[in-house]
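Source file: coords-v6.cif. Holds: mmCIF, C-alpha atoms.
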data_start
loop_
_atom_site.label_atom_id
_atom_site.label_comp_id
_atom_site.auth_asym_id
_atom_site.auth_seq_id
_atom_site.Cartn_x
_atom_site.Cartn_y
_atom_site.Cartn_z
CA MET A 1 0.00 0.00 0.00
CA ILE A 2 1.22 3.50 -0.87
CA LYS A 3 -0.28 6.36 1.09
CA LYS A 4 -0.49 9.72 -0.66
CA THR A 5 -1.67 13.13 0.49
CA LYS A 6 -3.11 16.00 -1.56
CA ILE A 7 -2.67 19.57 -0.35
CA ILE A 8 -5.28 22.26 -1.04
CA ASP A 9 -3.28 25.42 -1.69
CA TYR A 10 -5.59 28.35 -0.92
CA PHE A 11 -6.15 31.29 1.35
CA GLN A 12 -9.16 33.27 2.51
CA ALA A 13 -9.04 37.06 2.52
CA ASN A 14 -11.09 40.20 2.58
CA ILE A 15 -11.54 41.57 -0.93
CA SER A 16 -9.81 44.78 0.18
CA GLU A 17 -6.65 42.75 0.95
CA LEU A 18 -6.26 41.50 -2.63
CA SER A 19 -3.88 42.97 -5.19
CA GLU A 20 -5.35 45.68 -7.42
CA ASP A 21 -5.64 43.25 -10.36
CA ALA A 22 -7.36 40.61 -8.22
CA LYS A 23 -9.78 43.17 -6.74
CA GLU A 24 -10.69 44.43 -10.20
CA LEU A 25 -11.18 40.85 -11.37
CA VAL A 26 -13.67 40.22 -8.54
CA PHE A 27 -15.48 43.46 -9.38
CA GLU A 28 -15.66 42.40 -13.06
CA ALA A 29 -17.20 39.08 -11.97
CA GLN A 30 -19.72 40.99 -9.85
CA ARG A 31 -20.61 43.18 -12.84
CA ALA A 32 -21.03 40.08 -15.01
CA ILE A 33 -23.81 38.89 -12.67
CA LYS A 34 -26.02 41.57 -14.21
CA THR A 35 -25.95 39.77 -17.58
CA ALA A 36 -26.98 36.38 -16.16
CA TYR A 37 -30.11 34.78 -17.54
CA SER A 38 -31.33 32.62 -14.68
CA PRO A 39 -35.16 32.62 -14.61
CA TYR A 40 -35.32 28.97 -13.52
CA SER A 41 -32.78 28.74 -10.72
CA GLU A 42 -32.97 32.42 -9.72
CA PHE A 43 -29.26 32.04 -8.92
CA SER A 44 -27.05 34.37 -10.95
CA VAL A 45 -23.37 33.68 -11.49
CA GLY A 46 -20.82 36.04 -12.98
CA SER A 47 -17.27 35.18 -13.84
CA ALA A 48 -14.33 37.11 -15.17
CA LEU A 49 -10.99 36.11 -16.59
CA LEU A 50 -7.78 38.11 -16.36
CA LEU A 51 -5.49 37.56 -19.33
CA ASP A 52 -1.73 38.06 -19.35
CA ASN A 53 -2.18 41.21 -21.48
CA GLY A 54 -4.40 42.81 -18.80
CA LEU A 55 -7.67 42.21 -20.68
CA PHE A 56 -10.75 41.04 -18.78
CA ILE A 57 -13.29 38.65 -20.30
CA LYS A 58 -16.65 38.25 -18.58
CA GLY A 59 -19.20 35.46 -18.59
CA SER A 60 -22.47 34.75 -16.82
CA ASN A 61 -24.75 31.77 -16.46
CA GLN A 62 -27.22 31.37 -19.30
CA GLU A 63 -30.10 29.03 -18.51
CA ASN A 64 -32.53 27.46 -20.95
CA ALA A 65 -35.92 25.79 -20.55
CA ALA A 66 -34.45 22.78 -22.35
CA TYR A 67 -32.29 21.87 -19.37
CA PRO A 68 -29.30 21.20 -19.46
CA SER A 69 -28.80 23.31 -22.59
CA GLY A 70 -27.60 26.33 -20.61
CA LEU A 71 -24.05 27.09 -19.54
CA CYS A 72 -22.37 28.18 -16.33
CA GLY A 73 -20.72 31.58 -16.19
CA GLU A 74 -17.24 30.11 -15.95
CA ARG A 75 -17.57 28.14 -19.17
CA VAL A 76 -19.14 31.10 -20.98
CA ALA A 77 -16.05 33.20 -20.15
CA LEU A 78 -13.55 30.42 -20.88
CA PHE A 79 -15.14 29.54 -24.22
CA ALA A 80 -15.23 33.25 -25.16
CA TRP A 81 -11.49 33.36 -24.41
CA GLY A 82 -10.85 30.28 -26.53
CA ALA A 83 -12.84 31.67 -29.43
CA ASN A 84 -11.48 35.22 -29.32
CA ASN A 85 -8.27 35.60 -27.31
CA SER A 86 -6.50 32.25 -27.03
CA GLU A 87 -3.18 33.82 -28.07
CA ASN A 88 -3.12 35.34 -24.57
CA LYS A 89 -2.91 33.20 -21.44
CA VAL A 90 -5.59 33.15 -18.76
CA VAL A 91 -3.91 34.17 -15.51
CA ALA A 92 -6.90 34.07 -13.15
CA ILE A 93 -10.65 33.58 -12.97
CA ALA A 94 -13.05 35.06 -10.42
CA ILE A 95 -16.51 33.74 -9.68
CA SER A 96 -19.25 35.71 -7.93
CA ALA A 97 -22.89 34.72 -7.40
CA GLN A 98 -26.10 36.18 -6.06
CA ASN A 99 -29.20 34.41 -4.81
CA LYS A 100 -32.74 35.52 -5.64
CA GLU A 101 -32.64 38.01 -2.75
CA GLY A 102 -29.64 39.69 -4.40
CA GLU A 103 -27.20 38.62 -1.67
CA PHE A 104 -23.73 37.38 -2.57
CA ALA A 105 -23.68 33.61 -2.22
CA LEU A 106 -20.96 30.99 -2.27
CA ALA A 107 -20.73 29.15 -5.60
CA TYR A 108 -17.78 26.90 -6.27
CA PRO A 109 -17.31 25.87 -9.92
CA CYS A 110 -19.14 22.68 -10.90
CA GLY A 111 -17.30 19.62 -12.18
CA ALA A 112 -17.86 20.51 -15.84
CA CYS A 113 -16.43 24.00 -15.31
CA LEU A 114 -13.48 22.59 -13.38
CA GLN A 115 -12.75 20.16 -16.21
CA VAL A 116 -12.74 23.08 -18.70
CA MET A 117 -10.33 24.89 -16.34
CA VAL A 118 -8.10 21.77 -16.37
CA GLU A 119 -8.07 21.94 -20.16
CA THR A 120 -7.28 25.68 -19.98
CA GLU A 121 -4.30 24.98 -17.73
CA SER A 122 -3.18 22.30 -20.17
CA ARG A 123 -3.47 24.70 -23.13
CA THR A 124 -1.62 27.54 -21.41
CA LYS A 125 0.80 25.36 -19.42
CA GLU A 126 0.14 27.60 -16.40
CA LYS A 127 -1.84 27.14 -13.18
CA LEU A 128 -4.95 29.28 -12.91
CA LYS A 129 -5.54 31.42 -9.89
CA ILE A 130 -9.20 30.79 -8.98
CA ILE A 131 -10.94 33.41 -6.85
CA VAL A 132 -14.30 32.40 -5.38
CA GLN A 133 -16.35 35.07 -3.65
CA ILE A 134 -17.86 33.56 -0.51
CA ASN A 135 -19.85 36.54 0.78
CA ASP A 136 -20.04 40.30 0.31
CA GLN A 137 -16.61 40.85 1.87
CA GLU A 138 -14.50 37.71 1.50
CA VAL A 139 -13.00 35.43 -1.12
CA GLN A 140 -11.06 32.20 -1.26
CA VAL A 141 -8.09 32.13 -3.62
CA PHE A 142 -6.97 28.75 -4.97
CA ASN A 143 -3.63 28.11 -6.64
CA GLY A 144 -4.58 25.82 -9.51
CA VAL A 145 -7.56 23.70 -10.46
CA GLU A 146 -6.23 20.64 -8.66
CA CYS A 147 -7.11 22.38 -5.39
CA LEU A 148 -10.80 22.11 -6.26
CA MET A 149 -10.63 18.98 -8.42
CA PRO A 150 -7.73 16.80 -7.32
CA PHE A 151 -8.42 14.13 -9.93
CA SER A 152 -9.34 15.19 -13.45
CA PHE A 153 -9.93 13.61 -16.83
CA SER A 154 -7.22 13.69 -19.46
CA LEU A 155 -6.55 11.91 -22.72
#
Target encoding structure tokens, full file:
Amino acid sequence: MIKKTKIIDYFQANISELSEDAKELVFEAQRAIKTAYSPYSEFSVGSALLLDNGLFIKGSNQENAAYPSGLCGERVALFAWGANNSENKVVAIAISAQNKEGEFALAYPCGACLQVMVETESRTKEKLKIIVQINDQEVQVFNGVECLMPFSFSL
């Protein structure tokens, strides 16, 4: 038997304690919430990518009555990057969410979104910084997708 241990490399901080780029990324994710189309779940998710050239790309969840035809905000942003800006590397992604009362709510990326992030890391050969807003003041910052998905699919 071989025993192995996985380490989750993350920290929790107040948004005000983040670097200027990271703060702006969280604010871009918050702004992206406004473009969410979530009439069924009433749970709006915004995401934003920071590219290595300083550009931000936003995404939001887009639901559809023909479930599961919609997409999560993270994949909307990542696919927009792939289609329009893949010559630049994704440095970080921020995810913010609001419940139907308009309060910030914790929303970790789902398995499908995490798998797309794995593929993004593979394409760019860089770990993603993943910033998840957990309430109106705080975030968790993860160093790489493996912190949230320790075992992923690869070909």
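Distances here use only C-alpha atoms; by that measure, the residue among A:Leu106, A:Ile57, A:Leu78, A:Ala13 closest to Phe142 in chain A is A:Ala13.
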* To do: Give me the residues within 8 Å of Tyr10 in chain A as a list of chain:residue names, counting only C-alpha atoms and dropping any in the same chain fewer than 2 places off.
  => A:Ile8, A:Gln12, A:Gln140, A:Val141, A:Phe142, A:Asn143, A:Cys147
* Could you tell me which of A:Asn61, A:Asn135, A:Thr5, A:Asn88 comes closest to Val26 in chain A if we count all atoms listed in the file? =>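 The closest residue to Val26 in chain A is A:Asn135.
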* For each of A:Ala92, A:Ser69, A:Gly59, A:Gly111, take the minimum atom-to-atom distance to Leu128 in chain A, counting all atoms listed in the file, then give the residue where this is smallest. =>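 Distance minimum relative to Leu128 in chain A lands on A:Ala92.
Residues lying within 7 Å of range 33-35 of chain A, counting only C-alpha atoms and ignoring same-chain neighbours fewer than 6 positions away, are A:Ser44, A:Val45, A:Gly46, A:Ser60, A:Ala97.
Evaluated against the shown file, the PyMOL selection byres ((chain A and resi 77) around 7) gives A:Ser47, A:Ala48, A:Leu49, A:Ile57, A:Lys58, A:Gly59, A:Gly73, A:Glu74, A:Arg75, A:Val76, A:Leu78, A:Phe79, A:Ala80, A:Trp81.
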Please, could N, CA and C atoms be added to range 8-26 of chain A and the result written as a JSON list (two decimals), keeping the file's coordinate frame?
[["chain", "number", "residue", "atom", "x", "y", "z"],
["A", 8, "ILE", "N", -4.47, 21.21, -0.42],
["A", 8, "ILE", "CA", -5.28, 22.26, -1.04],
["A", 8, "ILE", "C", -4.59, 23.58, -0.75],
["A", 9, "ASP", "N", -4.04, 24.18, -1.80],
["A", 9, "ASP", "CA", -3.28, 25.42, -1.69],
["A", 9, "ASP", "C", -4.21, 26.61, -1.91],
["A", 10, "TYR", "N", -4.70, 27.20, -0.81],
["A", 10, "TYR", "CA", -5.59, 28.35, -0.92],
["A", 10, "TYR", "C", -5.48, 29.22, 0.32],
["A", 11, "PHE", "N", -6.02, 30.42, 0.19],
["A", 11, "PHE", "CA", -6.15, 31.29, 1.35],
["A", 11, "PHE", "C", -7.47, 32.02, 1.27],
["A", 12, "GLN", "N", -7.92, 32.49, 2.42],
["A", 12, "GLN", "CA", -9.16, 33.27, 2.51],
["A", 12, "GLN", "C", -8.78, 34.68, 2.91],
["A", 13, "ALA", "N", -9.40, 35.66, 2.25],
["A", 13, "ALA", "CA", -9.04, 37.06, 2.52],
["A", 13, "ALA", "C", -10.23, 37.96, 2.31],
["A", 14, "ASN", "N", -10.14, 39.14, 2.87],
["A", 14, "ASN", "CA", -11.09, 40.20, 2.58],
["A", 14, "ASN", "C", -10.76, 40.71, 1.19],
["A", 15, "ILE", "N", -11.77, 41.06, 0.42],
["A", 15, "ILE", "CA", -11.54, 41.57, -0.93],
["A", 15, "ILE", "C", -10.59, 42.75, -0.91],
["A", 16, "SER", "N", -10.68, 43.60, 0.09],
["A", 16, "SER", "CA", -9.81, 44.78, 0.18],
["A", 16, "SER", "C", -8.34, 44.42, 0.34],
["A", 17, "GLU", "N", -8.04, 43.19, 0.76],
["A", 17, "GLU", "CA", -6.65, 42.75, 0.95],
["A", 17, "GLU", "C", -6.01, 42.22, -0.32],
["A", 18, "LEU", "N", -6.78, 42.05, -1.38],
["A", 18, "LEU", "CA", -6.26, 41.50, -2.63],
["A", 18, "LEU", "C", -5.42, 42.53, -3.37],
["A", 19, "SER", "N", -4.61, 42.06, -4.31],
["A", 19, "SER", "CA", -3.88, 42.97, -5.19],
["A", 19, "SER", "C", -4.89, 43.76, -6.01],
["A", 20, "GLU", "N", -4.45, 44.84, -6.62],
["A", 20, "GLU", "CA", -5.35, 45.68, -7.42],
["A", 20, "GLU", "C", -5.95, 44.88, -8.57],
["A", 21, "ASP", "N", -5.13, 44.07, -9.26],
["A", 21, "ASP", "CA", -5.64, 43.25, -10.36],
["A", 21, "ASP", "C", -6.68, 42.25, -9.88],
["A", 22, "ALA", "N", -6.42, 41.60, -8.75],
["A", 22, "ALA", "CA", -7.36, 40.61, -8.22],
["A", 22, "ALA", "C", -8.66, 41.27, -7.77],
["A", 23, "LYS", "N", -8.56, 42.44, -7.14],
["A", 23, "LYS", "CA", -9.78, 43.17, -6.74],
["A", 23, "LYS", "C", -10.61, 43.52, -7.96],
["A", 24, "GLU", "N", -9.97, 44.05, -8.99],
["A", 24, "GLU", "CA", -10.69, 44.43, -10.20],
["A", 24, "GLU", "C", -11.32, 43.21, -10.86],
["A", 25, "LEU", "N", -10.64, 42.08, -10.81],
["A", 25, "LEU", "CA", -11.18, 40.85, -11.37],
["A", 25, "LEU", "C", -12.47, 40.44, -10.63],
["A", 26, "VAL", "N", -12.47, 40.53, -9.32],
["A", 26, "VAL", "CA", -13.67, 40.22, -8.54],
["A", 26, "VAL", "C", -14.79, 41.19, -8.90]]
